[in-house]
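J.: This is data-v3.txt (compact mmCIF, C-alpha atoms (C1' of nucleotides)).
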```txt
# COMPACT_ATOMS: atom_id res chain seq x y z
CA MET A 1 16.56 37.39 -3.41
CA THR A 2 19.61 39.47 -2.70
CA ASN A 3 22.84 38.75 -4.48
CA ILE A 4 25.07 36.02 -3.20
CA SER A 5 28.74 36.92 -3.36
CA GLU A 6 31.28 34.80 -5.23
CA LYS A 7 33.24 34.38 -2.05
CA ASN A 8 30.18 33.22 -0.19
CA ILE A 9 29.49 30.64 -2.88
CA ARG A 10 33.07 29.35 -2.92
CA ASN A 11 33.16 29.01 0.84
CA PHE A 12 29.94 27.08 0.83
CA GLN A 13 31.10 24.73 -1.92
CA GLU A 14 34.38 24.11 -0.14
CA LYS A 15 32.67 23.44 3.15
CA ILE A 16 30.27 20.91 1.62
CA PHE A 17 32.91 19.08 -0.40
CA ALA A 18 35.35 19.00 2.53
CA TRP A 19 32.71 17.42 4.70
CA TRP A 20 31.68 15.04 1.94
CA MET A 21 35.22 13.73 1.35
CA GLU A 22 35.10 12.30 4.85
CA ASN A 23 31.44 11.40 5.11
CA LYS A 24 30.06 10.34 1.77
CA ARG A 25 27.65 7.43 1.74
CA SER A 26 28.19 4.56 -0.60
CA LEU A 27 24.87 3.72 -2.25
CA PRO A 28 24.13 1.23 -5.03
CA TRP A 29 22.67 3.77 -7.45
CA ARG A 30 25.80 5.85 -7.15
CA GLU A 31 27.77 3.09 -8.80
CA THR A 32 26.05 3.61 -12.12
CA THR A 33 25.37 6.42 -14.55
CA ASP A 34 22.94 4.37 -16.63
CA PRO A 35 19.89 6.62 -16.95
CA TYR A 36 17.52 3.68 -16.59
CA TYR A 37 18.97 2.71 -13.22
CA ILE A 38 19.03 6.33 -12.14
CA LEU A 39 15.38 6.62 -13.12
CA ILE A 40 14.45 3.66 -10.93
CA ALA A 41 16.40 5.00 -7.97
CA GLU A 42 14.98 8.51 -8.27
CA ILE A 43 11.39 7.30 -8.46
CA MET A 44 11.93 5.12 -5.42
CA LEU A 45 13.66 7.87 -3.50
CA GLN A 46 10.79 10.28 -4.14
CA GLN A 47 8.86 8.50 -1.54
CA THR A 48 11.09 6.31 0.53
CA GLN A 49 14.03 6.83 2.82
CA VAL A 50 17.41 5.76 1.52
CA ASN A 51 17.75 2.84 3.92
CA ARG A 52 14.48 1.28 2.89
CA SER A 53 15.13 1.83 -0.82
CA ILE A 54 18.47 0.06 -1.07
CA GLU A 55 17.20 -3.49 -0.93
CA LYS A 56 14.21 -2.83 -3.19
CA TYR A 57 16.43 -1.10 -5.72
CA LEU A 58 18.76 -4.10 -5.88
CA GLU A 59 15.82 -6.48 -6.24
CA PHE A 60 14.28 -4.29 -8.88
CA ILE A 61 17.30 -4.02 -11.15
CA GLU A 62 17.95 -7.72 -10.85
CA GLU A 63 14.38 -8.54 -11.89
CA PHE A 64 14.16 -5.80 -14.52
CA PRO A 65 17.72 -5.20 -15.74
CA SER A 66 16.70 -3.17 -18.77
CA LEU A 67 14.05 -0.72 -19.91
CA GLU A 68 12.72 -3.36 -22.29
CA LYS A 69 12.42 -5.95 -19.53
CA LEU A 70 10.50 -3.54 -17.33
CA ALA A 71 8.32 -2.31 -20.17
CA SER A 72 7.23 -5.82 -21.11
CA ALA A 73 6.83 -7.25 -17.61
CA PRO A 74 3.42 -8.10 -16.16
CA ILE A 75 2.40 -5.34 -13.80
CA SER A 76 1.90 -7.89 -11.04
CA SER A 77 5.62 -8.69 -11.11
CA VAL A 78 6.45 -5.00 -10.83
CA LEU A 79 4.05 -4.47 -7.95
CA LYS A 80 5.32 -7.60 -6.27
CA ILE A 81 8.70 -5.99 -5.75
CA TRP A 82 7.34 -2.50 -5.19
CA SER A 83 4.84 -3.63 -2.61
CA GLY A 84 5.91 -2.38 0.81
CA LEU A 85 7.65 0.73 -0.49
CA GLY A 86 4.49 2.80 -0.41
CA TYR A 87 2.74 4.80 -3.11
CA ASN A 88 2.07 1.83 -5.36
CA ARG A 89 0.72 4.09 -8.11
CA ARG A 90 4.27 5.08 -8.81
CA ALA A 91 5.18 1.55 -9.76
CA LEU A 92 2.52 1.82 -12.46
CA TRP A 93 3.88 5.17 -13.55
CA LEU A 94 7.45 3.88 -13.62
CA GLN A 95 6.48 1.06 -15.94
CA GLU A 96 4.45 3.48 -18.03
CA ALA A 97 7.50 5.72 -18.28
CA ALA A 98 9.64 2.73 -19.30
CA LYS A 99 7.19 1.92 -22.08
CA GLN A 100 7.22 5.48 -23.30
CA ILE A 101 11.03 5.58 -23.36
CA VAL A 102 11.22 2.29 -25.26
CA GLU A 103 8.89 3.86 -27.83
CA LEU A 104 11.15 6.89 -28.09
CA LYS A 105 14.11 4.63 -28.93
CA GLU A 106 16.43 6.92 -27.00
CA PHE A 107 16.54 8.02 -23.39
CA PRO A 108 15.23 11.61 -23.10
CA LYS A 109 17.96 14.11 -22.36
CA THR A 110 16.05 17.28 -21.65
CA GLN A 111 13.95 18.36 -18.75
CA GLU A 112 10.95 19.03 -20.97
CA GLU A 113 10.97 15.56 -22.51
CA LEU A 114 11.49 13.87 -19.16
CA GLN A 115 8.61 15.74 -17.55
CA LYS A 116 6.27 14.39 -20.19
CA LEU A 117 6.82 10.95 -18.66
CA LYS A 118 4.50 9.66 -15.99
CA GLY A 119 5.71 10.31 -12.45
CA ILE A 120 8.55 12.64 -13.42
CA GLY A 121 8.21 16.22 -12.24
CA PRO A 122 10.52 19.20 -11.77
CA TYR A 123 12.79 17.57 -9.21
CA THR A 124 13.15 14.14 -10.80
CA SER A 125 13.64 15.38 -14.37
CA ARG A 126 16.60 17.41 -13.22
CA SER A 127 18.00 14.76 -10.92
CA ILE A 128 18.10 12.23 -13.75
CA LEU A 129 20.02 14.64 -15.98
CA ILE A 130 22.41 15.33 -13.13
CA PHE A 131 23.09 11.81 -11.91
CA ALA A 132 23.06 10.11 -15.29
CA PHE A 133 24.72 12.77 -17.47
CA ASN A 134 26.33 15.19 -15.02
CA TYR A 135 24.50 18.05 -16.72
CA GLU A 136 25.30 21.55 -15.58
CA ILE A 137 22.01 22.06 -13.74
CA ALA A 138 20.72 22.18 -10.20
CA THR A 139 17.75 20.54 -8.56
CA VAL A 140 16.06 21.07 -5.22
CA ASP A 141 14.43 18.40 -3.09
CA THR A 142 13.42 18.96 0.52
CA ASN A 143 16.91 18.09 1.73
CA ILE A 144 18.47 20.71 -0.47
CA ARG A 145 15.73 23.21 0.28
CA ARG A 146 16.45 22.75 3.97
CA ILE A 147 20.16 23.35 3.41
CA LEU A 148 19.49 26.53 1.42
CA ILE A 149 17.35 27.84 4.25
CA ALA A 150 19.63 26.76 7.08
CA GLU A 151 22.62 28.33 5.31
CA LYS A 152 20.67 31.56 4.77
CA PHE A 153 20.63 31.40 0.99
CA ALA A 154 16.83 31.26 1.14
CA GLU A 155 13.92 31.52 3.53
CA GLU A 156 11.09 29.22 4.45
CA GLU A 157 8.76 31.35 2.34
CA THR A 158 10.97 31.26 -0.75
CA LYS A 159 9.01 29.90 -3.72
CA GLU A 160 10.11 26.81 -5.59
CA LYS A 161 11.05 28.69 -8.73
CA GLU A 162 13.33 30.99 -6.78
CA LEU A 163 14.89 28.04 -4.94
CA PHE A 164 15.94 26.52 -8.25
CA ILE A 165 17.53 29.81 -9.31
CA ILE A 166 19.47 30.05 -6.05
CA ALA A 167 20.58 26.42 -6.29
CA GLN A 168 21.82 27.08 -9.80
CA LYS A 169 24.02 29.91 -8.55
CA LEU A 170 25.60 27.64 -5.95
CA LEU A 171 26.41 24.87 -8.42
CA PRO A 172 30.15 24.18 -8.85
CA LYS A 173 31.11 23.98 -12.50
CA GLY A 174 31.44 20.50 -13.97
CA ARG A 175 30.59 18.78 -10.71
CA ALA A 176 26.82 18.64 -10.65
CA ARG A 177 26.72 14.92 -9.89
CA ASP A 178 29.14 15.05 -6.95
CA TRP A 179 27.63 18.27 -5.73
CA HIS A 180 24.12 16.92 -5.49
CA ASN A 181 25.25 13.69 -3.88
CA ALA A 182 27.16 15.77 -1.36
CA LEU A 183 24.17 18.00 -0.65
CA MET A 184 21.86 15.02 -0.21
CA ASP A 185 24.26 13.48 2.28
CA TYR A 186 24.76 16.72 4.12
CA GLY A 187 21.04 17.39 4.27
CA SER A 188 20.10 13.97 5.53
CA LEU A 189 23.03 13.45 7.89
CA VAL A 190 23.87 16.92 9.19
CA LEU A 191 21.17 19.49 8.54
CA THR A 192 18.30 17.19 9.35
CA ALA A 193 14.74 18.39 9.67
CA ALA A 194 14.78 17.61 13.37
CA LYS A 195 17.99 19.53 13.92
CA THR A 196 17.12 22.60 11.88
CA GLY A 197 13.43 22.73 12.72
CA ILE A 198 12.73 23.63 9.10
CA LYS A 199 9.39 22.23 8.08
CA PRO A 200 8.90 20.56 4.71
CA LYS A 201 6.46 22.07 2.25
CA THR A 202 4.53 18.97 1.40
CA THR A 203 1.34 17.99 3.15
CA ASN A 204 0.48 14.53 4.36
CA SER A 205 -2.09 12.05 3.25
CA GLU A 206 -5.29 12.29 5.19
CA LYS A 207 -6.13 8.69 4.67
CA SER A 208 -6.17 6.74 7.89
CA LYS A 209 -3.40 4.31 8.66
CA GLU A 210 -5.98 1.59 8.70
CA SER A 211 -7.28 2.21 5.22
CA ARG A 212 -3.75 2.62 3.85
CA ARG A 213 -2.88 -0.73 5.31
CA TYR A 214 -5.88 -2.40 3.71
CA ARG A 215 -5.07 -0.91 0.35
CA GLY A 216 -1.52 -2.23 0.55
CA LEU A 217 -2.75 -5.62 1.65
CA ILE A 218 -5.12 -5.95 -1.27
CA VAL A 219 -2.52 -4.93 -3.84
CA LYS A 220 -0.03 -7.37 -2.38
CA TYR A 221 -2.67 -10.09 -2.35
CA LEU A 222 -3.53 -9.47 -5.99
CA THR A 223 0.10 -9.82 -7.03
CA SER A 224 -0.31 -13.49 -6.14
CA TYR A 225 -3.98 -14.08 -6.92
CA SER A 226 -5.75 -12.64 -9.93
CA LYS A 227 -9.43 -12.35 -10.75
CA VAL A 228 -10.83 -12.82 -7.29
CA LYS A 229 -14.24 -11.96 -5.93
CA LYS A 230 -14.85 -9.39 -3.23
CA GLU A 231 -15.85 -12.03 -0.71
CA GLN A 232 -12.54 -13.79 -1.25
CA ILE A 233 -10.61 -10.58 -0.61
CA VAL A 234 -12.57 -9.90 2.55
CA LYS A 235 -11.76 -13.35 3.82
CA ASP A 236 -8.13 -13.71 2.77
CA CYS A 237 -7.06 -10.17 3.61
CA ASN A 238 -9.18 -10.00 6.74
CA ILE A 239 -10.84 -6.73 5.80
CA PRO A 240 -13.98 -5.50 7.52
CA GLU A 241 -16.95 -6.11 5.28
CA GLU A 242 -18.26 -2.57 5.62
CA LYS A 243 -14.99 -1.03 4.49
CA VAL A 244 -14.08 -3.18 1.54
CA ASN A 245 -16.27 -1.37 -1.00
CA ASP A 246 -14.75 2.04 -0.40
CA ILE A 247 -11.26 0.63 -0.40
CA LEU A 248 -11.75 -1.23 -3.67
CA LEU A 249 -13.33 1.85 -5.25
CA GLY A 250 -10.33 3.91 -4.20
CA LEU A 251 -7.91 1.40 -5.65
CA ILE A 252 -9.87 1.30 -8.91
CA ALA A 253 -9.88 5.10 -9.06
CA ASP A 254 -6.10 5.06 -8.69
CA GLY A 255 -5.73 2.51 -11.47
CA LEU A 256 -4.21 -0.05 -9.15
CA VAL A 257 -7.10 -2.48 -9.42
CA VAL A 258 -9.56 -3.22 -12.19
CA LYS A 259 -12.94 -4.86 -11.88
CA ILE A 260 -13.95 -7.27 -14.61
CA LYS A 261 -17.48 -8.52 -14.16
CA LYS A 262 -17.46 -9.44 -10.48
CA ASN A 263 -13.76 -10.11 -10.29
CA TYR A 264 -10.97 -7.87 -9.06
CA THR A 265 -7.49 -8.04 -10.49
CA LEU A 266 -4.40 -5.97 -11.16
CA PRO A 267 -4.44 -3.89 -14.35
CA GLU A 268 -3.52 -5.39 -17.76
C1' DA B 1 -0.51 5.82 20.54
C1' DT B 2 0.73 9.89 17.84
C1' DC B 3 3.45 12.61 14.85
C1' DC B 4 6.76 13.15 11.10
C1' DC B 5 8.51 12.62 6.47
C1' DG B 6 8.14 13.20 0.75
C1' DG B 7 7.47 14.56 -5.15
C1' DA B 8 3.96 14.50 -8.52
C1' DC B 9 -0.68 14.07 -10.03
C1' DT B 10 -5.31 15.95 -10.58
C1' DA C 1 -4.97 23.06 -2.83
C1' DG C 2 -5.83 18.30 -1.77
C1' DT C 3 -4.38 13.48 -2.18
C1' DC C 4 -1.34 9.37 -2.10
C1' DC C 5 1.90 4.89 1.66
C1' DG C 6 4.48 2.85 5.13
C1' DG C 7 8.35 2.92 8.32
C1' DG C 8 10.66 5.33 11.97
C1' DA C 9 10.99 8.55 15.78
C1' DT C 10 9.12 10.14 19.96
```
As structure tokens - that is how I would like this structure written.

T.:
Amino acid sequence: MTNISEKNIRNFQEKIFAWWMENKRSLPWRETTDPYYILIAEIMLQQTQVNRSIEKYLEFIEEFPSLEKLASAPISSVLKIWSGLGYNRRALWLQEAAKQIVELKEFPKTQEELQKLKGIGPYTSRSILIFAFNYEIATVDTNIRRILIAEKFAEEETKEKELFIIAQKLLPKGRARDWHNALMDYGSLVLTAAKTGIKPKTTNSEKSKESRRYRGLIVKYLTSYSKVKKEQIVKDCNIPEEKVNDILLGLIADGLVVKIKKNYTLPE
DNA sequence: ATCCCGGACT
DNA sequence: AGTCCGGGAT
């Protein structure tokens, strides 16, 4: 990547912050710097649009107000709230991460430590350090990637590693938290994917809508009923007999369902 | 009805 | 490189 001039960087920062002063969104997870709450929000936002996350986030922190509460909760109660957000495996990972942090006695404060936790990768490890601790680092999600490309700081082909380096250069000193909130807002309200035509990197699930729906149905069902037989699931969830085996096998493979003797139930 | 969106795991 | 979910846009 060619050098970005200081003037270029300053102009960009000023433009973003000027826009943000007038247009910033008020979101529940922006009212806290508690790393536990930030962790919940970031895991949810990995997979779900802001608007759909708000209500679930509020429910979640009310039900599990502390790391300890989440770590010791039955997984069915966690999935009960999570259910409907999509990617239920991440609810398992979030609780697993909570357990690991409780063990550590102290919330991890480095990227390396955070990435050892289940469900936390390069983006989320950084975002937690930024939003909880205002650390002097940058992170890049698809919103920010799209901004970097649209503003000609990067190209569609630019590799992830390089994107992080570029983002770091653009970071205004001492304002990582505000800066990333501003970028997220700008990316999702102004430089949208539809408007810029910049395609995201990630690929989509190939699972059919139908089978996704059945999986979700079964998980939701099992948050209310435990240790049920296959026939019961077929009947109560209205799942085609010929499909139920594959779906249950998939759920078991993902650790969302366990089979004990002839009964299916949520893990633990 | 069909397409689009998204970070981390394996 | 392939897989994972569910709502919203078109």

J.: If you count all atoms listed in the file, which residues fall within 12 Å of DC3 (chain B), apart from same-chain ones fewer than 3 positions away, as a PyMOL selection string?

T.: (chain A and resi 204) or (chain C and resi 8-10)

J.: Would you give me, as JSON lines, each residue of chain A having an atom within 10 Å of an atom of chain B, along with its shortest atom pair and that distance in Å to one decimal, using only C-alpha atoms (C1' of nucleotides) and sorting by chain and residue number?

T.:
```
{"residue": "A:Ile43", "atom": "CA", "partner": "B:DG7", "partner_atom": "C1'", "distance": 8.9}
{"residue": "A:Leu45", "atom": "CA", "partner": "B:DG6", "partner_atom": "C1'", "distance": 8.8}
{"residue": "A:Gln46", "atom": "CA", "partner": "B:DG7", "partner_atom": "C1'", "distance": 5.5}
{"residue": "A:Gln47", "atom": "CA", "partner": "B:DG6", "partner_atom": "C1'", "distance": 5.3}
{"residue": "A:Thr48", "atom": "CA", "partner": "B:DG6", "partner_atom": "C1'", "distance": 7.5}
{"residue": "A:Gln49", "atom": "CA", "partner": "B:DC5", "partner_atom": "C1'", "distance": 8.8}
{"residue": "A:Arg90", "atom": "CA", "partner": "B:DA8", "partner_atom": "C1'", "distance": 9.4}
{"residue": "A:Lys118", "atom": "CA", "partner": "B:DA8", "partner_atom": "C1'", "distance": 8.9}
{"residue": "A:Gly119", "atom": "CA", "partner": "B:DA8", "partner_atom": "C1'", "distance": 6.0}
{"residue": "A:Ile120", "atom": "CA", "partner": "B:DA8", "partner_atom": "C1'", "distance": 7.0}
{"residue": "A:Gly121", "atom": "CA", "partner": "B:DA8", "partner_atom": "C1'", "distance": 5.9}
{"residue": "A:Pro122", "atom": "CA", "partner": "B:DG7", "partner_atom": "C1'", "distance": 8.6}
{"residue": "A:Tyr123", "atom": "CA", "partner": "B:DG7", "partner_atom": "C1'", "distance": 7.3}
{"residue": "A:Thr124", "atom": "CA", "partner": "B:DG7", "partner_atom": "C1'", "distance": 8.0}
{"residue": "A:Asp141", "atom": "CA", "partner": "B:DG7", "partner_atom": "C1'", "distance": 8.2}
{"residue": "A:Thr142", "atom": "CA", "partner": "B:DG6", "partner_atom": "C1'", "distance": 7.8}
{"residue": "A:Ala193", "atom": "CA", "partner": "B:DC5", "partner_atom": "C1'", "distance": 9.1}
{"residue": "A:Ala194", "atom": "CA", "partner": "B:DC4", "partner_atom": "C1'", "distance": 9.5}
{"residue": "A:Lys199", "atom": "CA", "partner": "B:DC5", "partner_atom": "C1'", "distance": 9.8}
{"residue": "A:Pro200", "atom": "CA", "partner": "B:DC5", "partner_atom": "C1'", "distance": 8.1}
{"residue": "A:Lys201", "atom": "CA", "partner": "B:DG6", "partner_atom": "C1'", "distance": 9.2}
{"residue": "A:Thr202", "atom": "CA", "partner": "B:DG6", "partner_atom": "C1'", "distance": 6.8}
{"residue": "A:Thr203", "atom": "CA", "partner": "B:DG6", "partner_atom": "C1'", "distance": 8.7}
{"residue": "A:Asn204", "atom": "CA", "partner": "B:DC5", "partner_atom": "C1'", "distance": 8.5}
```

J.: Generate a file of the selected residues that holds C-alpha atoms, formatted as a CSV table (one decimal), in the coordinates of the input.

T.:
```
chain,number,residue,atom,x,y,z
A,43,ILE,CA,11.4,7.3,-8.5
A,45,LEU,CA,13.7,7.9,-3.5
A,46,GLN,CA,10.8,10.3,-4.1
A,47,GLN,CA,8.9,8.5,-1.5
A,48,THR,CA,11.1,6.3,0.5
A,49,GLN,CA,14.0,6.8,2.8
A,90,ARG,CA,4.3,5.1,-8.8
A,118,LYS,CA,4.5,9.7,-16.0
A,119,GLY,CA,5.7,10.3,-12.4
A,120,ILE,CA,8.6,12.6,-13.4
A,121,GLY,CA,8.2,16.2,-12.2
A,122,PRO,CA,10.5,19.2,-11.8
A,123,TYR,CA,12.8,17.6,-9.2
A,124,THR,CA,13.2,14.1,-10.8
A,141,ASP,CA,14.4,18.4,-3.1
A,142,THR,CA,13.4,19.0,0.5
A,193,ALA,CA,14.7,18.4,9.7
A,194,ALA,CA,14.8,17.6,13.4
A,199,LYS,CA,9.4,22.2,8.1
A,200,PRO,CA,8.9,20.6,4.7
A,201,LYS,CA,6.5,22.1,2.2
A,202,THR,CA,4.5,19.0,1.4
A,203,THR,CA,1.3,18.0,3.2
A,204,ASN,CA,0.5,14.5,4.4
```

J.: Taking all atoms listed in the file into account, find every residue of chain C that has an atom no more than 10 Å from chain A, and write it out as a ChimeraX atom specification.

T.: /C:2-8

J.: What's the separation between CA of Thr223 (chain A) and CA of Ser77 (chain A), in Å to one decimal place?

T.: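 It comes out at 7.0 Å.
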
J.: So how many Å separate CA of Ala154 (chain A) and CA of Leu189 (chain A), to one decimal?

T.: 20.0 Å

J.: Could you jot down the CA of Lys262 (chain A) to CA of Val234 (chain A) separation for me, Å, one decimal place?

T.: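 So the answer is 13.9 Å.
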
J.: If we count all atoms listed in the file, what is near Leu183 (chain A) at a cut-off of 9 Å, once residues fewer than 3 positions away on the same chain are taken out, given as a JSON list (two decimals) with C-alpha atoms, in the coordinates of the input?

T.:
```json
[["chain", "number", "residue", "atom", "x", "y", "z"],
["A", 16, "ILE", "CA", 30.27, 20.91, 1.62],
["A", 17, "PHE", "CA", 32.91, 19.08, -0.40],
["A", 20, "TRP", "CA", 31.68, 15.04, 1.94],
["A", 143, "ASN", "CA", 16.91, 18.09, 1.73],
["A", 144, "ILE", "CA", 18.47, 20.71, -0.47],
["A", 147, "ILE", "CA", 20.16, 23.35, 3.41],
["A", 178, "ASP", "CA", 29.14, 15.05, -6.95],
["A", 179, "TRP", "CA", 27.63, 18.27, -5.73],
["A", 180, "HIS", "CA", 24.12, 16.92, -5.49],
["A", 186, "TYR", "CA", 24.76, 16.72, 4.12],
["A", 187, "GLY", "CA", 21.04, 17.39, 4.27],
["A", 188, "SER", "CA", 20.10, 13.97, 5.53]]
```

J.: For a cutoff of 12 Å around the file-coordinate point (-13.0, -7.5, 5.5), which residues qualify once you count all atoms listed in the file? I'd like the result as a list of chain:residue names.

T.: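 Within the cut-off we find A:Glu210, A:Ser211, A:Tyr214, A:Arg215, A:Leu217, A:Ile218, A:Lys230, A:Glu231, A:Gln232, A:Ile233, A:Val234, A:Lys235, A:Asp236, A:Cys237, A:Asn238, A:Ile239, A:Pro240, A:Glu241, A:Glu242, A:Lys243, A:Val244, A:Asn245, A:Asp246, A:Ile247, A:Leu248.
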
J.: Using only C-alpha atoms, please write the residues we just selected to a file, as a tab-separated table (two decimals), in the frame of the given file.

T.:
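result10.tsv, written as the output of this step:
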```
chain	number	residue	atom	x	y	z
A	210	GLU	CA	-5.98	1.59	8.70
A	211	SER	CA	-7.28	2.21	5.22
A	214	TYR	CA	-5.88	-2.40	3.71
A	215	ARG	CA	-5.07	-0.91	0.35
A	217	LEU	CA	-2.75	-5.62	1.65
A	218	ILE	CA	-5.12	-5.95	-1.27
A	230	LYS	CA	-14.85	-9.39	-3.23
A	231	GLU	CA	-15.85	-12.03	-0.71
A	232	GLN	CA	-12.54	-13.79	-1.25
A	233	ILE	CA	-10.61	-10.58	-0.61
A	234	VAL	CA	-12.57	-9.90	2.55
A	235	LYS	CA	-11.76	-13.35	3.82
A	236	ASP	CA	-8.13	-13.71	2.77
A	237	CYS	CA	-7.06	-10.17	3.61
A	238	ASN	CA	-9.18	-10.00	6.74
A	239	ILE	CA	-10.84	-6.73	5.80
A	240	PRO	CA	-13.98	-5.50	7.52
A	241	GLU	CA	-16.95	-6.11	5.28
A	242	GLU	CA	-18.26	-2.57	5.62
A	243	LYS	CA	-14.99	-1.03	4.49
A	244	VAL	CA	-14.08	-3.18	1.54
A	245	ASN	CA	-16.27	-1.37	-1.00
A	246	ASP	CA	-14.75	2.04	-0.40
A	247	ILE	CA	-11.26	0.63	-0.40
A	248	LEU	CA	-11.75	-1.23	-3.67
```

J.: Can you tell me which residues surround Thr139 (chain A) at a distance of at most 7 Å, considering only C-alpha atoms (C1' of nucleotides), apart from same-chain residues fewer than 4 positions away, and format the answer as a ChimeraX atom specification?

T.: /A:123,126-127,164,167

J.: Would you mind putting N, CA and C atoms back on region 146-168 of chain A and writing the result as a compact mmCIF listing (two decimals), keeping the file's coordinate frame?

T.:
```txt
# COMPACT_ATOMS: atom_id res chain seq x y z
N ARG A 146 16.14 22.53 2.56
CA ARG A 146 16.45 22.75 3.97
C ARG A 146 17.85 23.32 4.14
N ILE A 147 18.79 22.82 3.35
CA ILE A 147 20.16 23.35 3.41
C ILE A 147 20.17 24.82 3.01
N LEU A 148 19.50 25.14 1.90
CA LEU A 148 19.49 26.53 1.42
C LEU A 148 18.95 27.47 2.49
N ILE A 149 17.94 27.01 3.21
CA ILE A 149 17.35 27.84 4.25
C ILE A 149 18.26 27.93 5.47
N ALA A 150 18.77 26.78 5.90
CA ALA A 150 19.63 26.76 7.08
C ALA A 150 20.91 27.57 6.87
N GLU A 151 21.39 27.59 5.61
CA GLU A 151 22.62 28.33 5.31
C GLU A 151 22.33 29.76 4.88
N LYS A 152 21.09 30.17 5.03
CA LYS A 152 20.67 31.56 4.77
C LYS A 152 20.75 31.99 3.31
N PHE A 153 20.72 31.04 2.41
CA PHE A 153 20.63 31.40 0.99
C PHE A 153 19.16 31.62 0.60
N ALA A 154 18.26 31.12 1.43
CA ALA A 154 16.83 31.26 1.14
C ALA A 154 16.07 31.31 2.46
N GLU A 155 14.77 31.51 2.34
CA GLU A 155 13.92 31.52 3.53
C GLU A 155 12.82 30.49 3.38
N GLU A 156 12.16 30.23 4.49
CA GLU A 156 11.09 29.22 4.45
C GLU A 156 10.00 29.59 3.45
N GLU A 157 9.83 30.89 3.24
CA GLU A 157 8.76 31.35 2.34
C GLU A 157 9.18 31.34 0.88
N THR A 158 10.48 31.18 0.62
CA THR A 158 10.97 31.26 -0.75
C THR A 158 10.24 30.25 -1.65
N LYS A 159 9.76 30.75 -2.78
CA LYS A 159 9.01 29.90 -3.72
C LYS A 159 9.93 28.94 -4.45
N GLU A 160 9.34 27.87 -4.93
CA GLU A 160 10.11 26.81 -5.59
C GLU A 160 10.96 27.34 -6.74
N LYS A 161 10.35 28.17 -7.55
CA LYS A 161 11.05 28.69 -8.73
C LYS A 161 12.33 29.43 -8.32
N GLU A 162 12.20 30.23 -7.29
CA GLU A 162 13.33 30.99 -6.78
C GLU A 162 14.40 30.06 -6.19
N LEU A 163 13.94 29.00 -5.52
CA LEU A 163 14.89 28.04 -4.94
C LEU A 163 15.78 27.43 -6.02
N PHE A 164 15.17 27.10 -7.15
CA PHE A 164 15.94 26.52 -8.25
C PHE A 164 16.98 27.52 -8.77
N ILE A 165 16.60 28.78 -8.82
CA ILE A 165 17.53 29.81 -9.31
C ILE A 165 18.71 29.95 -8.35
N ILE A 166 18.40 29.95 -7.06
CA ILE A 166 19.47 30.05 -6.05
C ILE A 166 20.39 28.83 -6.13
N ALA A 167 19.78 27.65 -6.22
CA ALA A 167 20.58 26.42 -6.29
C ALA A 167 21.51 26.44 -7.50
N GLN A 168 21.01 27.00 -8.58
CA GLN A 168 21.82 27.08 -9.80
C GLN A 168 23.06 27.95 -9.58
```
